[in-house]
Amino acid sequence: MLFTSHRDSRIRVWNFTASHNLTSKKLCSLPKRTSFLLFSKTETTHLHKDTISCMAYYHAQDLLYTASHDKTVKAWRISDRKCVDSFLAHEDKVNSITVNQNDGCLFTCSSDGTVKIWRCLYRENSHTLTMTLKFQTSPVNAVVLSSHSDGETILYSGSSDGTINFWEKERVSYRYNHGGFLQGHRFGVLCLAVVERLVLSGSEDTTVRIWRKEEGGCYHECLAVLDGHRGPVRCLAGSLEMDNMDMSFLVYSGSLDQSFKVWRVKVMLAEEENNGGDLKMNKLYEMSPVLSPSWVEKKLQASNY
């Protein structure tokens with residue numbers, strides 16, 4: 001099942017079959033459309049008042065969360081296509097949203113410079129704010145959660161000042177403590193993704209960085225910089241690949257330069273790591289890593305004011 005959104009403030013639900021010939025079918029739109037003769041206020045009430053900026057799906061409760069530039073978050077029950085909750089989440093537009101599949105906690109970030117944690121009260125179908133995280137004044141553009149089988153859970157947020165803050169979850173509570181921040185990008189961080197214990201970050205500086213957290217500590221090492229785009233990197237995704245004893249993963253990056261790139265990153269074996277290399281990168285498509293001079297000049301001029 002695939003969920004898409006558009007500036008018309010509607011969500012579309014698609015069913016597709018992954019085969020040799022990819023087939024897809026639109027199942028419904030949210031909120032449910034009514035006929036012209038049966039038009040009601042319910043449909044417009046459940047519509048976001050501005051562009052839907054992000055979505056997250058919680059598998060256990062079959063809930064789709066949508067967030068918008070209208071500062072609100074809505075929860076949709078896919079089984080009966082109903083909006084079960086709608087609440088004002090931030091003082092400015094909501095830029096990113098993610099959900100913890102283990103406990104149902106919802107994380108939102110906004111241009112107001114905050115990251116908020118929400119919990120669902122299932123009997124009432126409502127959400128309550130449990131914690132507000134703020135360690136910077138600049139807008140927060142992206143949030144992503146890294147959860148592992150050993151109980152370690154880390155929340156990462158990317159800001160317009162180019163930093164990535166992270167918070168570690170306490171093992172016996174739902175509280176998140178600030179662990180530090182990652183620096184390396186020259187301009188704002190626009191998107192984040194997680195593959196196993198690696199964190200991917202895309203930025204206005206046209207690069208993608210790959211970070212790895214040391215075991216038992218807070219230090220993060222930047223393992224690689226992918227610099228094939230000519231414009232800001234707006235979205236990221238990753239997937240793990242296993243081939244015999246070798247481990248690699250694919251990184252998918254979409255940019256405002258109107259290109260979509262696929263990267264293969266190979267993780268070297270332990271004995272090879274000790275000899276000097278951590279990662280070996282092999283791009284599936286060769287691209288010239290050239291920055292747009294006019295774009296860089298505009299960014300540098302804007303930063304002087």
# chains A, B, ... in the order shown; residues from 1 in each chain; ligands from 1
call {"tool": "select_by_dssp", "arguments": {"residues": "range 148-184 of chain A", "states": "strand (DSSP E)", "output": "PDB file with N, CA and C atoms, in the first residue's frame"}}
result
ATOM      1  N   THR A 153      17.425   3.425  21.404  1.00  0.00           N
ATOM      2  CA  THR A 153      16.586   4.245  20.546  1.00  0.00           C
ATOM      3  C   THR A 153      17.127   5.664  20.549  1.00  0.00           C
ATOM      4  N   ILE A 154      17.383   6.200  19.358  1.00  0.00           N
ATOM      5  CA  ILE A 154      17.944   7.539  19.226  1.00  0.00           C
ATOM      6  C   ILE A 154      17.104   8.328  18.239  1.00  0.00           C
ATOM      7  N   LEU A 155      16.786   9.551  18.618  1.00  0.00           N
ATOM      8  CA  LEU A 155      16.034  10.459  17.752  1.00  0.00           C
ATOM      9  C   LEU A 155      16.997  11.500  17.178  1.00  0.00           C
ATOM     10  N   TYR A 156      16.970  11.657  15.859  1.00  0.00           N
ATOM     11  CA  TYR A 156      17.814  12.635  15.172  1.00  0.00           C
ATOM     12  C   TYR A 156      16.930  13.716  14.553  1.00  0.00           C
ATOM     13  N   SER A 157      17.424  14.971  14.601  1.00  0.00           N
ATOM     14  CA  SER A 157      16.713  16.074  13.963  1.00  0.00           C
ATOM     15  C   SER A 157      17.703  16.921  13.171  1.00  0.00           C
ATOM     16  N   GLY A 158      17.298  17.337  11.976  1.00  0.00           N
ATOM     17  CA  GLY A 158      18.142  18.158  11.118  1.00  0.00           C
ATOM     18  C   GLY A 158      17.614  19.578  11.038  1.00  0.00           C
ATOM     19  N   SER A 159      18.502  20.561  11.208  1.00  0.00           N
ATOM     20  CA  SER A 159      18.093  21.962  11.307  1.00  0.00           C
ATOM     21  C   SER A 159      18.627  22.796  10.151  1.00  0.00           C
ATOM     22  N   ILE A 164      22.874  18.532  13.133  1.00  0.00           N
ATOM     23  CA  ILE A 164      21.988  17.400  13.406  1.00  0.00           C
ATOM     24  C   ILE A 164      22.051  17.120  14.895  1.00  0.00           C
ATOM     25  N   ASN A 165      20.984  17.397  15.615  1.00  0.00           N
ATOM     26  CA  ASN A 165      20.919  17.094  17.039  1.00  0.00           C
ATOM     27  C   ASN A 165      20.398  15.677  17.234  1.00  0.00           C
ATOM     28  N   PHE A 166      20.808  15.047  18.340  1.00  0.00           N
ATOM     29  CA  PHE A 166      20.268  13.719  18.633  1.00  0.00           C
ATOM     30  C   PHE A 166      19.973  13.578  20.114  1.00  0.00           C
ATOM     31  N   TRP A 167      18.922  12.804  20.389  1.00  0.00           N
ATOM     32  CA  TRP A 167      18.452  12.535  21.747  1.00  0.00           C
ATOM     33  C   TRP A 167      18.378  11.032  21.948  1.00  0.00           C
ATOM     34  N   GLU A 168      18.832  10.578  23.115  1.00  0.00           N
ATOM     35  CA  GLU A 168      18.801   9.151  23.445  1.00  0.00           C
ATOM     36  C   GLU A 168      17.655   8.857  24.400  1.00  0.00           C
ATOM     37  N   LYS A 169      16.913   7.791  24.122  1.00  0.00           N
ATOM     38  CA  LYS A 169      15.779   7.408  24.956  1.00  0.00           C
ATOM     39  C   LYS A 169      16.252   6.628  26.171  1.00  0.00           C
ATOM     40  N   TYR A 176      13.530  11.466  26.596  1.00  0.00           N
ATOM     41  CA  TYR A 176      14.668  11.560  25.679  1.00  0.00           C
ATOM     42  C   TYR A 176      15.627  12.636  26.177  1.00  0.00           C
ATOM     43  N   ASN A 177      16.906  12.280  26.287  1.00  0.00           N
ATOM     44  CA  ASN A 177      17.935  13.194  26.761  1.00  0.00           C
ATOM     45  C   ASN A 177      18.847  13.597  25.615  1.00  0.00           C
ATOM     46  N   HIS A 178      19.173  14.892  25.568  1.00  0.00           N
ATOM     47  CA  HIS A 178      20.021  15.395  24.492  1.00  0.00           C
ATOM     48  C   HIS A 178      21.421  14.808  24.618  1.00  0.00           C
ATOM     49  N   GLY A 179      21.906  14.202  23.518  1.00  0.00           N
ATOM     50  CA  GLY A 179      23.213  13.560  23.548  1.00  0.00           C
ATOM     51  C   GLY A 179      24.306  14.345  22.849  1.00  0.00           C
ATOM     52  N   GLY A 180      23.934  15.324  22.024  1.00  0.00           N
ATOM     53  CA  GLY A 180      24.935  16.118  21.310  1.00  0.00           C
ATOM     54  C   GLY A 180      24.435  16.476  19.926  1.00  0.00           C
ATOM     55  N   PHE A 181      25.348  16.885  19.059  1.00  0.00           N
ATOM     56  CA  PHE A 181      24.980  17.251  17.704  1.00  0.00           C
ATOM     57  C   PHE A 181      26.118  16.915  16.750  1.00  0.00           C
ATOM     58  N   LEU A 182      25.747  16.735  15.485  1.00  0.00           N
ATOM     59  CA  LEU A 182      26.701  16.409  14.430  1.00  0.00           C
ATOM     60  C   LEU A 182      26.872  17.636  13.539  1.00  0.00           C
TER      61      LEU A 182
END
call {"tool": "residues_around", "arguments": {"residues": "Asn15 in chain A", "least_positions_apart": "6", "cutoff": "6 Å", "atoms": "only C-alpha atoms", "output": "VMD selection string"}}
result
chain A and resid 1 24 to 25
call {"tool": "closest_residue", "arguments": {"among": "A:Lys49, A:His185, A:Arg123, A:Arg81", "to": "Cys28 in chain A", "atoms": "only C-alpha atoms"}}
result
A:Arg81
call {"tool": "closest_residue", "arguments": {"among": "A:Arg234, A:Lys266, A:Lys32, A:Arg175", "to": "Tyr252 in chain A", "atoms": "only C-alpha atoms"}}
result
A:Arg234
call {"tool": "closest_residue", "arguments": {"among": "A:Cys235, A:Ser29, A:His69, A:Met242", "to": "Phe260 in chain A", "atoms": "only C-alpha atoms"}}
result
A:Cys235
call {"tool": "residues_around", "arguments": {"residues": "range 124-130 of chain A", "least_positions_apart": "2", "cutoff": "12 Å", "atoms": "only C-alpha atoms", "output": "JSON, numbers by chain"}}
result
{"A": [61, 63, 65, 73, 74, 75, 76, 77, 82, 83, 84, 85, 86, 87, 88, 89, 90, 104, 105, 106, 107, 108, 115, 116, 117, 118, 119, 120, 121, 122, 132, 133, 173, 174, 175, 176]}
call {"tool": "residues_around", "arguments": {"residues": "Gln101 in chain A", "least_positions_apart": "5", "cutoff": "10 Å", "atoms": "only C-alpha atoms", "output": "CSV table (one decimal) with N, CA, C and O atoms, in the first residue's frame"}}
result
chain,number,residue,atom,x,y,z
A,57,TYR,N,3.1,6.2,8.9
A,57,TYR,CA,2.1,5.1,9.1
A,57,TYR,C,2.5,4.3,10.3
A,57,TYR,O,3.6,3.8,10.4
A,58,TYR,N,1.5,4.1,11.2
A,58,TYR,CA,1.7,3.2,12.4
A,58,TYR,C,1.0,1.9,12.2
A,58,TYR,O,-0.2,1.8,12.2
A,59,HIS,N,1.8,0.9,12.0
A,59,HIS,CA,1.3,-0.4,11.5
A,59,HIS,C,0.3,-1.1,12.6
A,59,HIS,O,-0.7,-1.6,12.2
A,60,ALA,N,0.7,-1.0,13.8
A,60,ALA,CA,0.0,-1.7,14.9
A,60,ALA,C,-1.5,-1.3,15.0
A,60,ALA,O,-2.4,-2.1,15.2
A,61,GLN,N,-1.7,0.0,14.8
A,61,GLN,CA,-3.1,0.6,14.9
A,61,GLN,C,-3.7,1.0,13.6
A,61,GLN,O,-4.8,1.5,13.6
A,106,LEU,N,4.7,9.4,18.8
A,106,LEU,CA,4.8,10.2,17.5
A,106,LEU,C,5.7,11.4,17.7
A,106,LEU,O,5.7,12.1,18.8
A,145,LEU,N,14.0,8.3,13.4
A,145,LEU,CA,14.2,7.5,14.6
A,145,LEU,C,15.0,6.3,14.3
A,145,LEU,O,14.8,5.6,13.3
A,147,SER,N,15.9,2.8,15.9
A,147,SER,CA,15.6,1.8,17.0
A,147,SER,C,16.3,0.5,16.7
A,147,SER,O,16.3,0.0,15.5
call {"tool": "closest_residue", "arguments": {"among": "A:Val99, A:Leu190, A:Leu236, A:Val172", "to": "Pro139 in chain A", "atoms": "only C-alpha atoms"}}
result
A:Leu190
call {"tool": "residues_around", "arguments": {"residues": "Ala193 in chain A", "least_positions_apart": "4", "cutoff": "6 Å", "atoms": "only C-alpha atoms", "output": "ChimeraX atom specification"}}
result
/A:199-200,237
call {"tool": "atom_distance", "arguments": {"atom1": "CA of Arg197 in chain A", "atom2": "CA of Thr4 in chain A"}}
result
27.8 Å
call {"tool": "closest_residue", "arguments": {"among": "A:Glu196, A:Glu152, A:Asp227, A:Glu214", "to": "Leu250 in chain A", "atoms": "only C-alpha atoms"}}
result
A:Glu196
call {"tool": "select_by_dssp", "arguments": {"residues": "range 13-100 of chain A", "states": "helix (DSSP H, G or I)", "output": "list in words"}}
result
Lys41, Thr42, Glu43, Thr44, Thr45 and His46 of chain A
call {"tool": "decode", "arguments": {"residues": "range 190-238 of chain A", "atoms": "N, CA and C atoms", "output": "mmCIF file, in the first residue's frame"}}
result
data_model
loop_
_atom_site.group_PDB
_atom_site.id
_atom_site.type_symbol
_atom_site.label_atom_id
_atom_site.label_comp_id
_atom_site.auth_asym_id
_atom_site.auth_seq_id
_atom_site.Cartn_x
_atom_site.Cartn_y
_atom_site.Cartn_z
ATOM 1 N N LEU A 190 18.098 19.106 5.208
ATOM 2 C CA LEU A 190 16.723 19.044 4.719
ATOM 3 C C LEU A 190 16.061 17.694 4.936
ATOM 4 N N CYS A 191 16.854 16.610 5.046
ATOM 5 C CA CYS A 191 16.252 15.283 5.158
ATOM 6 C C CYS A 191 17.203 14.335 5.881
ATOM 7 N N LEU A 192 16.630 13.318 6.494
ATOM 8 C CA LEU A 192 17.378 12.306 7.235
ATOM 9 C C LEU A 192 16.797 10.927 6.931
ATOM 10 N N ALA A 193 17.645 9.908 7.040
ATOM 11 C CA ALA A 193 17.206 8.525 6.894
ATOM 12 C C ALA A 193 18.130 7.637 7.715
ATOM 13 N N VAL A 194 17.663 6.435 8.039
ATOM 14 C CA VAL A 194 18.434 5.491 8.850
ATOM 15 C C VAL A 194 18.484 4.152 8.141
ATOM 16 N N VAL A 195 19.679 3.556 8.078
ATOM 17 C CA VAL A 195 19.867 2.193 7.587
ATOM 18 C C VAL A 195 20.700 1.450 8.619
ATOM 19 N N GLU A 196 20.068 0.483 9.292
ATOM 20 C CA GLU A 196 20.740 -0.210 10.396
ATOM 21 C C GLU A 196 21.234 0.823 11.414
ATOM 22 N N ARG A 197 22.541 0.877 11.661
ATOM 23 C CA ARG A 197 23.094 1.847 12.625
ATOM 24 C C ARG A 197 23.763 3.035 11.937
ATOM 25 N N LEU A 198 23.487 3.205 10.663
ATOM 26 C CA LEU A 198 24.028 4.337 9.923
ATOM 27 C C LEU A 198 22.938 5.393 9.740
ATOM 28 N N VAL A 199 23.341 6.661 9.822
ATOM 29 C CA VAL A 199 22.427 7.787 9.638
ATOM 30 C C VAL A 199 22.829 8.517 8.361
ATOM 31 N N LEU A 200 21.844 8.798 7.507
ATOM 32 C CA LEU A 200 22.069 9.515 6.260
ATOM 33 C C LEU A 200 21.462 10.905 6.383
ATOM 34 N N SER A 201 22.182 11.914 5.915
ATOM 35 C CA SER A 201 21.684 13.284 5.964
ATOM 36 C C SER A 201 21.877 13.957 4.618
ATOM 37 N N GLY A 202 20.825 14.646 4.151
ATOM 38 C CA GLY A 202 20.885 15.399 2.907
ATOM 39 C C GLY A 202 20.748 16.879 3.196
ATOM 40 N N SER A 203 21.439 17.704 2.423
ATOM 41 C CA SER A 203 21.563 19.107 2.784
ATOM 42 C C SER A 203 21.389 20.041 1.598
ATOM 43 N N GLU A 204 21.196 21.317 1.931
ATOM 44 C CA GLU A 204 21.195 22.381 0.927
ATOM 45 C C GLU A 204 22.550 22.528 0.247
ATOM 46 N N ASP A 205 23.605 22.034 0.882
ATOM 47 C CA ASP A 205 24.935 22.151 0.289
ATOM 48 C C ASP A 205 25.165 21.115 -0.820
ATOM 49 N N THR A 206 24.122 20.399 -1.214
ATOM 50 C CA THR A 206 24.071 19.428 -2.322
ATOM 51 C C THR A 206 24.701 18.081 -1.973
ATOM 52 N N THR A 207 25.126 17.853 -0.753
ATOM 53 C CA THR A 207 25.799 16.610 -0.402
ATOM 54 C C THR A 207 24.921 15.715 0.465
ATOM 55 N N VAL A 208 25.273 14.429 0.468
ATOM 56 C CA VAL A 208 24.711 13.449 1.392
ATOM 57 C C VAL A 208 25.851 12.946 2.265
ATOM 58 N N ARG A 209 25.649 12.964 3.577
ATOM 59 C CA ARG A 209 26.666 12.464 4.499
ATOM 60 C C ARG A 209 26.183 11.195 5.184
ATOM 61 N N ILE A 210 27.128 10.290 5.428
ATOM 62 C CA ILE A 210 26.841 9.023 6.106
ATOM 63 C C ILE A 210 27.566 9.027 7.449
ATOM 64 N N TRP A 211 26.790 8.845 8.527
ATOM 65 C CA TRP A 211 27.323 8.918 9.888
ATOM 66 C C TRP A 211 27.164 7.568 10.575
ATOM 67 N N ARG A 212 28.097 7.271 11.484
ATOM 68 C CA ARG A 212 28.001 6.062 12.292
ATOM 69 C C ARG A 212 28.323 6.396 13.732
ATOM 70 N N LYS A 213 27.472 5.936 14.652
ATOM 71 C CA LYS A 213 27.661 6.174 16.079
ATOM 72 C C LYS A 213 28.530 5.081 16.673
ATOM 73 N N GLU A 214 29.493 5.487 17.497
ATOM 74 C CA GLU A 214 30.349 4.504 18.140
ATOM 75 C C GLU A 214 29.555 3.715 19.180
ATOM 76 N N GLU A 215 29.889 2.449 19.340
ATOM 77 C CA GLU A 215 29.173 1.603 20.293
ATOM 78 C C GLU A 215 29.469 2.033 21.720
ATOM 79 N N GLY A 216 28.390 2.197 22.502
ATOM 80 C CA GLY A 216 28.532 2.550 23.898
ATOM 81 C C GLY A 216 28.872 4.003 24.161
ATOM 82 N N GLY A 217 28.901 4.828 23.130
ATOM 83 C CA GLY A 217 29.244 6.236 23.314
ATOM 84 C C GLY A 217 28.309 7.137 22.532
ATOM 85 N N CYS A 218 28.642 8.426 22.544
ATOM 86 C CA CYS A 218 27.826 9.419 21.854
ATOM 87 C C CYS A 218 28.492 9.952 20.592
ATOM 88 N N TYR A 219 29.769 9.636 20.396
ATOM 89 C CA TYR A 219 30.500 10.192 19.268
ATOM 90 C C TYR A 219 30.013 9.592 17.953
ATOM 91 N N HIS A 220 29.807 10.449 16.957
ATOM 92 C CA HIS A 220 29.424 10.021 15.613
ATOM 93 C C HIS A 220 30.540 10.363 14.635
ATOM 94 N N GLU A 221 30.867 9.412 13.802
ATOM 95 C CA GLU A 221 31.906 9.609 12.793
ATOM 96 C C GLU A 221 31.270 9.747 11.419
ATOM 97 N N CYS A 222 31.725 10.730 10.652
ATOM 98 C CA CYS A 222 31.270 10.876 9.271
ATOM 99 C C CYS A 222 32.103 9.939 8.401
ATOM 100 N N LEU A 223 31.477 8.913 7.855
ATOM 101 C CA LEU A 223 32.194 7.896 7.097
ATOM 102 C C LEU A 223 32.385 8.272 5.636
ATOM 103 N N ALA A 224 31.435 8.999 5.076
ATOM 104 C CA ALA A 224 31.518 9.298 3.646
ATOM 105 C C ALA A 224 30.682 10.519 3.318
ATOM 106 N N VAL A 225 31.049 11.179 2.221
ATOM 107 C CA VAL A 225 30.300 12.315 1.686
ATOM 108 C C VAL A 225 30.005 12.026 0.216
ATOM 109 N N LEU A 226 28.743 11.976 -0.143
ATOM 110 C CA LEU A 226 28.319 11.753 -1.524
ATOM 111 C C LEU A 226 27.979 13.103 -2.138
ATOM 112 N N ASP A 227 28.707 13.480 -3.185
ATOM 113 C CA ASP A 227 28.587 14.856 -3.690
ATOM 114 C C ASP A 227 28.268 14.907 -5.187
ATOM 115 N N GLY A 228 27.349 14.086 -5.642
ATOM 116 C CA GLY A 228 27.030 14.043 -7.058
ATOM 117 C C GLY A 228 25.917 14.965 -7.502
ATOM 118 N N HIS A 229 25.171 15.587 -6.569
ATOM 119 C CA HIS A 229 24.053 16.443 -6.950
ATOM 120 C C HIS A 229 24.519 17.873 -7.236
ATOM 121 N N ARG A 230 23.709 18.588 -7.984
ATOM 122 C CA ARG A 230 24.007 19.982 -8.311
ATOM 123 C C ARG A 230 23.036 20.951 -7.641
ATOM 124 N N GLY A 231 22.192 20.443 -6.786
ATOM 125 C CA GLY A 231 21.234 21.263 -6.055
ATOM 126 C C GLY A 231 20.954 20.646 -4.710
ATOM 127 N N PRO A 232 20.185 21.322 -3.860
ATOM 128 C CA PRO A 232 19.868 20.807 -2.525
ATOM 129 C C PRO A 232 19.265 19.411 -2.574
ATOM 130 N N VAL A 233 19.678 18.558 -1.655
ATOM 131 C CA VAL A 233 19.139 17.198 -1.543
ATOM 132 C C VAL A 233 17.898 17.260 -0.665
ATOM 133 N N ARG A 234 16.753 16.920 -1.245
ATOM 134 C CA ARG A 234 15.474 17.135 -0.573
ATOM 135 C C ARG A 234 14.918 15.880 0.105
ATOM 136 N N CYS A 235 15.263 14.678 -0.395
ATOM 137 C CA CYS A 235 14.715 13.458 0.203
ATOM 138 C C CYS A 235 15.710 12.310 0.086
ATOM 139 N N LEU A 236 15.644 11.404 1.072
ATOM 140 C CA LEU A 236 16.575 10.285 1.169
ATOM 141 C C LEU A 236 15.846 9.016 1.576
ATOM 142 N N ALA A 237 16.373 7.885 1.124
ATOM 143 C CA ALA A 237 15.921 6.572 1.592
ATOM 144 C C ALA A 237 17.086 5.610 1.444
ATOM 145 N N GLY A 238 17.037 4.501 2.174
ATOM 146 C CA GLY A 238 18.114 3.519 2.106
ATOM 147 C C GLY A 238 17.597 2.125 2.347
#
